[in-house]
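Taking it in order: structure first as C-alpha cells, then the write-up.
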Amino acid sequence: MKVVTTIADLRAELAAARSEGKTVGLVPTMGALHAGHASLVERSVAENDLTVVSIFLNPTQFNDQTDLEKYPRTLEADCALLEQVGAQLAFAPSVAEMYPKPDTRSFSYPPTDSVMEGAFRPGHFNGVCQIVSKLFAMVEPDRAYFGEKDFQQIAVIRRMVDDLGFGLTIVPCPVIREESGLARSSRNTLLTDAERATAANIYQALADSRALVGSHSVAEVHDYVVNRINAVPGLEVQYYSIVDGRTLADVATWQESDDIVGCITVYCGSQPIRLIDHIRYK
Ligand code: PAF
C-alpha cells in the first residue's frame with residue numbers, strides 16, 4: 001500500500017489509475033482504525049479497482065477542544081491494518097495541507113443537521129461537510145463508504161451530495177459490534193475494561209426495546225430506554241430520539257413512518273466518553 005501526504009501526490013496516483021480506466025472507492029476516516037473501518041475498506045476493495053483511505057483527524061468538526069485532544073492517534077497501526085485488508089492507497093495529509101486557509105464555507109441542511117448531534121455539537125456537521133466535500137473534490141470517487149454507526153452523518157452527507165451535485169454513490173455499511181453488542185468506535189479504546197462492560201448496556205437496552213413496539217407507544221419505548229440506561233451506574237443518556245429514518249424528524253406514533261430509528265448518545269465513565277448508537281424499529 002502506498003501512503004501519500006500531499007494533494008499533488010494523491011492526484012498523481014489517481015490520474016494514473018483513471019488513465020487505466022480503474023474505478024475508485026473512498027473510505028474517509030479520522031484514523032484509530034478498528035474492525036468497523038476494516039469492514040468498509042473490505043467492501044470498497046470488493047467493489048472498486050482502487051481503494052483510497054483518507055486518515056485525517058479533522059479539527060473543524062470538533063466543537064470541543066478536549067475531545068479533539070483526547071482522540072486516539074495511531075497512524076502506524078492504521079497503515080498496518082489497511083495493508084492487511086487490501087487498501088491500495090492511504091492519504092494522510094497534515095492540517096495545513098487540507099486547510100491552507102481557514103474554511104469559511106457554511107453548510108446548512110435543517111432539520112437533518114440541526115437535530116440530535118447537530119443540536120448538542122454545534123458546528124459539528126458543518127465541519128464534516130467541509131472536509132468530506134474537499135475529499136470528494138480531490139478524489140472524485142465512484143463510491144464513498146460510511147459506517148451506519150454514524151447514522152445522522154450519512155443522512156447529512158447525502159443532503160450535501162444532492163446539494164453540490166457530486167456524481168458518486170454513498171454506500172452505507174452496517175454497524176460492526178463487539179461481542180457484547182457495543183458498537184465499535186475509535187472512542188472505545190478510551191474506555192477502561194470495566195467501562196467497556198458497562199457500555200454494553202446501551203445496545204442491550206436498545207435491542208430489548210424492539211420487543212415493546214406494538215404493545216407500547218413511542219413515548220413509552222423512549223422512556224424505557226432512557227430509564228434503563230440511566231439506572232446503570234456510570235452511564236448517562238444525553239438524548240434519545242425516535243425519528244423518521246429519512247428526515248430525522250421525531251415521530252410520535254409507530255404509524256407515522258415505515259422507516260423508524262432510535263438514535264442515542266450516552267456519556268460513559270468518569271472522563272466521560274461520549275458514545276453513540278442507534279436501533280432500527282421499522
Ligand atoms: O466518520 C468520521 O470518521 C468522520 O466524521 C469523517 C467522515 C471521516 C469526516 O472527518
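Following the order of the C-alpha cells, first chain is A, next is B, and so on, with residues numbered from 1 inside each chain and ligands from 1 in the order they appear.
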Next on the checklist: Give me, as a PyMOL selection string, the set of residues whose atoms come within 10 Å of any atom of ligand 1, counting only C-alpha atoms and all ligand atoms.
Outcome noted: chain A and resi 27-33+37+53-62+124-125+127-133+135+144-151+153-154+157+185-186
Take the residues that were just selected and, keeping N, CA and C atoms, output them as a CSV table (one decimal), in the first residue's frame.
chain,number,residue,atom,x,y,z
A,27,VAL,N,-12.8,5.7,1.3
A,27,VAL,CA,-13.2,5.4,2.7
A,27,VAL,C,-12.6,6.6,3.6
A,28,PRO,N,-13.4,7.6,3.9
A,28,PRO,CA,-12.9,8.7,4.7
A,28,PRO,C,-12.9,8.2,6.2
A,29,THR,N,-11.7,8.5,6.9
A,29,THR,CA,-11.6,8.1,8.3
A,29,THR,C,-10.8,9.2,9.0
A,30,MET,N,-10.9,9.1,10.3
A,30,MET,CA,-10.1,10.0,11.2
A,30,MET,C,-9.0,9.2,11.9
A,31,GLY,N,-8.7,8.0,11.4
A,31,GLY,CA,-7.7,7.2,12.0
A,31,GLY,C,-8.2,6.4,13.2
A,32,ALA,N,-7.3,5.9,14.0
A,32,ALA,CA,-7.7,5.0,15.1
A,32,ALA,C,-8.6,3.9,14.6
A,33,LEU,N,-8.1,3.2,13.5
A,33,LEU,CA,-9.0,2.3,12.8
A,33,LEU,C,-9.2,1.0,13.6
A,37,HIS,N,-14.0,0.0,10.5
A,37,HIS,CA,-13.3,0.6,9.4
A,37,HIS,C,-12.9,-0.5,8.4
A,53,VAL,N,-8.0,5.3,1.2
A,53,VAL,CA,-8.5,5.6,2.6
A,53,VAL,C,-7.9,6.8,3.1
A,54,SER,N,-8.7,7.8,3.4
A,54,SER,CA,-8.1,9.1,4.0
A,54,SER,C,-8.0,8.9,5.5
A,55,ILE,N,-6.9,9.4,6.1
A,55,ILE,CA,-6.7,9.3,7.5
A,55,ILE,C,-6.4,10.8,7.9
A,56,PHE,N,-7.4,11.4,8.5
A,56,PHE,CA,-7.3,12.9,8.8
A,56,PHE,C,-8.2,13.2,9.9
A,57,LEU,N,-7.6,13.6,11.0
A,57,LEU,CA,-8.3,14.0,12.2
A,57,LEU,C,-8.7,15.5,12.0
A,58,ASN,N,-10.0,15.6,11.6
A,58,ASN,CA,-10.4,16.9,11.1
A,58,ASN,C,-10.8,17.9,12.2
A,59,PRO,N,-10.0,18.9,12.4
A,59,PRO,CA,-10.3,19.8,13.6
A,59,PRO,C,-11.6,20.5,13.5
A,60,THR,N,-12.0,20.8,12.2
A,60,THR,CA,-13.2,21.7,12.1
A,60,THR,C,-14.5,21.0,12.6
A,61,GLN,N,-14.5,19.7,12.8
A,61,GLN,CA,-15.7,19.1,13.2
A,61,GLN,C,-15.8,18.8,14.7
A,62,PHE,N,-14.8,19.3,15.4
A,62,PHE,CA,-14.8,19.2,16.9
A,62,PHE,C,-15.2,20.5,17.5
A,124,HIS,N,-20.6,20.8,14.3
A,124,HIS,CA,-20.1,19.5,14.0
A,124,HIS,C,-20.3,19.1,12.6
A,125,PHE,N,-21.6,19.2,12.1
A,125,PHE,CA,-21.8,18.7,10.8
A,125,PHE,C,-21.3,19.7,9.7
A,127,GLY,N,-18.4,21.1,9.9
A,127,GLY,CA,-17.0,20.7,9.8
A,127,GLY,C,-17.0,19.4,9.0
A,128,VAL,N,-17.9,18.4,9.2
A,128,VAL,CA,-18.0,17.2,8.5
A,128,VAL,C,-18.2,17.5,7.0
A,129,CYS,N,-19.1,18.4,6.7
A,129,CYS,CA,-19.4,18.7,5.3
A,129,CYS,C,-18.1,19.4,4.7
A,130,GLN,N,-17.4,20.3,5.4
A,130,GLN,CA,-16.2,20.9,4.9
A,130,GLN,C,-15.2,19.9,4.5
A,131,ILE,N,-14.9,18.9,5.3
A,131,ILE,CA,-13.8,18.0,5.0
A,131,ILE,C,-14.3,17.0,4.0
A,132,VAL,N,-15.5,16.5,4.1
A,132,VAL,CA,-16.0,15.4,3.2
A,132,VAL,C,-16.1,16.0,1.8
A,133,SER,N,-16.6,17.3,1.7
A,133,SER,CA,-16.7,17.9,0.3
A,133,SER,C,-15.3,18.1,-0.3
A,135,LEU,N,-12.6,16.2,0.3
A,135,LEU,CA,-12.2,14.8,-0.1
A,135,LEU,C,-12.9,14.4,-1.4
A,144,ALA,N,-18.4,6.2,-2.2
A,144,ALA,CA,-17.8,6.5,-0.9
A,144,ALA,C,-18.5,5.7,0.2
A,145,TYR,N,-17.7,5.2,1.1
A,145,TYR,CA,-18.2,4.2,2.1
A,145,TYR,C,-18.2,4.9,3.5
A,146,PHE,N,-19.4,4.8,4.2
A,146,PHE,CA,-19.5,5.3,5.5
A,146,PHE,C,-20.2,4.3,6.4
A,147,GLY,N,-19.8,4.3,7.7
A,147,GLY,CA,-20.4,3.3,8.6
A,147,GLY,C,-21.8,3.9,9.1
A,148,GLU,N,-22.8,2.9,9.2
A,148,GLU,CA,-24.1,3.3,9.7
A,148,GLU,C,-24.1,3.7,11.2
A,149,LYS,N,-23.0,3.4,11.9
A,149,LYS,CA,-22.9,3.8,13.3
A,149,LYS,C,-23.2,5.3,13.4
A,150,ASP,N,-22.6,6.0,12.5
A,150,ASP,CA,-22.9,7.5,12.4
A,150,ASP,C,-24.1,7.7,11.5
A,151,PHE,N,-25.2,7.3,12.0
A,151,PHE,CA,-26.4,7.3,11.2
A,151,PHE,C,-26.8,8.7,10.7
A,153,GLN,N,-24.8,11.2,10.4
A,153,GLN,CA,-23.8,11.8,9.5
A,153,GLN,C,-24.1,11.3,8.0
A,154,ILE,N,-24.5,10.1,7.8
A,154,ILE,CA,-24.8,9.6,6.5
A,154,ILE,C,-26.0,10.5,5.9
A,157,ILE,N,-24.6,13.9,4.9
A,157,ILE,CA,-23.7,13.8,3.7
A,157,ILE,C,-24.6,13.5,2.4
A,185,SER,N,-16.1,1.6,18.0
A,185,SER,CA,-15.8,3.0,17.8
A,185,SER,C,-14.4,3.3,18.2
A,186,SER,N,-13.8,4.3,17.5
A,186,SER,CA,-12.4,4.6,17.9
A,186,SER,C,-12.4,5.1,19.4
Next on the checklist: For the structure I just gave you, how does DSSP split range 53-117 of chain A - specifically, which residues are helix (DSSP H, G or I)? Reply as a PyMOL selection string.
Outcome noted: chain A and resi 59-61+65-70+75-85+95-98+117
Per-residue nearest contacts of range 2-94 of chain A to range 170-184 of chain A (8 Å; only C-alpha atoms) as a Markdown table:
| residue | atom | partner | partner_atom | distance |
| --- | --- | --- | --- | --- |
| A:His34 | CA | A:Arg184 | CA | 7.3 |
| A:Ala35 | CA | A:Ile176 | CA | 7.0 |
| A:Gly36 | CA | A:Ile176 | CA | 5.1 |
| A:Ser39 | CA | A:Ile176 | CA | 7.9 |
| A:Leu40 | CA | A:Cys173 | CA | 6.6 |
Generate a file of the selected residues that holds C-alpha atoms, formatted as a PDB file, in the first residue's frame.
ATOM      1  CA  HIS A  34     -10.824  -0.755  14.039  1.00  0.00           C
ATOM      2  CA  ALA A  35     -12.887  -3.667  12.706  1.00  0.00           C
ATOM      3  CA  GLY A  36     -15.681  -1.269  11.684  1.00  0.00           C
ATOM      4  CA  SER A  39     -15.326  -3.756   7.008  1.00  0.00           C
ATOM      5  CA  LEU A  40     -15.752  -0.519   4.984  1.00  0.00           C
TER       6      LEU A  40
END
Item to check | Distance in Å - CA of Leu14 in chain A versus CA of Thr104 in chain A | outcome: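 Atom-to-atom, CA of Leu14 in chain A and CA of Thr104 in chain A are spaced 27.4 Å apart.
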Excluding Ser270 in chain A and any residue of its chain fewer than 6 positions from it, enumerate the residues within 12 Å of it, using only C-alpha atoms, and give them as a PDB file with N, CA, C and O atoms, in the first residue's frame.
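Final output, around.pdb:
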ATOM      1  N   LEU A 190     -10.692   4.445  24.593  1.00  0.00           N
ATOM      2  CA  LEU A 190     -10.500   5.361  25.722  1.00  0.00           C
ATOM      3  C   LEU A 190     -11.212   4.864  26.977  1.00  0.00           C
ATOM      4  O   LEU A 190     -11.073   5.446  28.053  1.00  0.00           O
ATOM      5  N   LEU A 191     -11.989   3.773  26.832  1.00  0.00           N
ATOM      6  CA  LEU A 191     -12.723   3.226  27.982  1.00  0.00           C
ATOM      7  C   LEU A 191     -11.859   2.206  28.717  1.00  0.00           C
ATOM      8  O   LEU A 191     -11.089   1.465  28.091  1.00  0.00           O
ATOM      9  N   THR A 192     -12.014   2.137  30.051  1.00  0.00           N
ATOM     10  CA  THR A 192     -11.363   1.059  30.797  1.00  0.00           C
ATOM     11  C   THR A 192     -12.148  -0.231  30.520  1.00  0.00           C
ATOM     12  O   THR A 192     -13.268  -0.167  29.990  1.00  0.00           O
ATOM     13  N   ALA A 194     -13.682  -2.070  32.604  1.00  0.00           N
ATOM     14  CA  ALA A 194     -14.941  -2.033  33.358  1.00  0.00           C
ATOM     15  C   ALA A 194     -15.951  -1.126  32.658  1.00  0.00           C
ATOM     16  O   ALA A 194     -17.135  -1.467  32.543  1.00  0.00           O
ATOM     17  N   GLU A 195     -15.467   0.014  32.146  1.00  0.00           N
ATOM     18  CA  GLU A 195     -16.378   0.945  31.451  1.00  0.00           C
ATOM     19  C   GLU A 195     -16.912   0.319  30.155  1.00  0.00           C
ATOM     20  O   GLU A 195     -18.061   0.522  29.781  1.00  0.00           O
ATOM     21  N   PRO A 233     -25.081   2.552  36.869  1.00  0.00           N
ATOM     22  CA  PRO A 233     -24.062   3.496  37.338  1.00  0.00           C
ATOM     23  C   PRO A 233     -22.964   3.663  36.293  1.00  0.00           C
ATOM     24  O   PRO A 233     -22.489   2.680  35.724  1.00  0.00           O
ATOM     25  N   GLY A 234     -22.597   4.921  36.008  1.00  0.00           N
ATOM     26  CA  GLY A 234     -21.539   5.173  35.017  1.00  0.00           C
ATOM     27  C   GLY A 234     -22.081   5.512  33.642  1.00  0.00           C
ATOM     28  O   GLY A 234     -21.308   5.862  32.752  1.00  0.00           O
ATOM     29  N   LEU A 235     -23.395   5.411  33.437  1.00  0.00           N
ATOM     30  CA  LEU A 235     -23.979   5.788  32.142  1.00  0.00           C
ATOM     31  C   LEU A 235     -24.957   6.938  32.331  1.00  0.00           C
ATOM     32  O   LEU A 235     -25.720   6.964  33.309  1.00  0.00           O
ATOM     33  N   GLU A 236     -24.952   7.868  31.399  1.00  0.00           N
ATOM     34  CA  GLU A 236     -25.927   8.957  31.440  1.00  0.00           C
ATOM     35  C   GLU A 236     -26.331   9.325  30.011  1.00  0.00           C
ATOM     36  O   GLU A 236     -25.489   9.711  29.193  1.00  0.00           O
TER      37      GLU A 236
END
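Closest approach to Ser114 in chain A among A:Ala249, A:Ala15, A:Ala137, A:Ala92: A:Ala249, based on only C-alpha atoms.
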Next on the checklist: Could you pull out the strand (DSSP E or B) residues of range 18-129 of chain A, going by DSSP on the backbone, and write them as a PyMOL selection string?
Outcome noted: chain A and resi 24-29+50-55+89-91
Next on the checklist: Report, in Å to a single decimal, how far apart CA of Tyr240 in chain A and CA of Tyr267 in chain A are.
Outcome noted: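 Interatomic distance here is 12.1 Å.
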Checklist entry - Which residue, A:Arg159, A:Lys134, A:Lys70, A:Arg121, has the smallest gap to Tyr99 in chain A when you use only C-alpha atoms? => result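 That would be A:Lys134, the residue with the smallest distance to Tyr99 in chain A.
Atom to atom, CA of Ser44 in chain A and CA of Phe136 in chain A stand 15.3 Å apart.
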Checklist entry - Which is closest to Glu47 in chain A among A:Ala197, A:Val232, A:Ile7, A:Ala87, if we use only C-alpha atoms? => result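 Checking each candidate against Glu47 in chain A, we get A:Ala87 as the closest.
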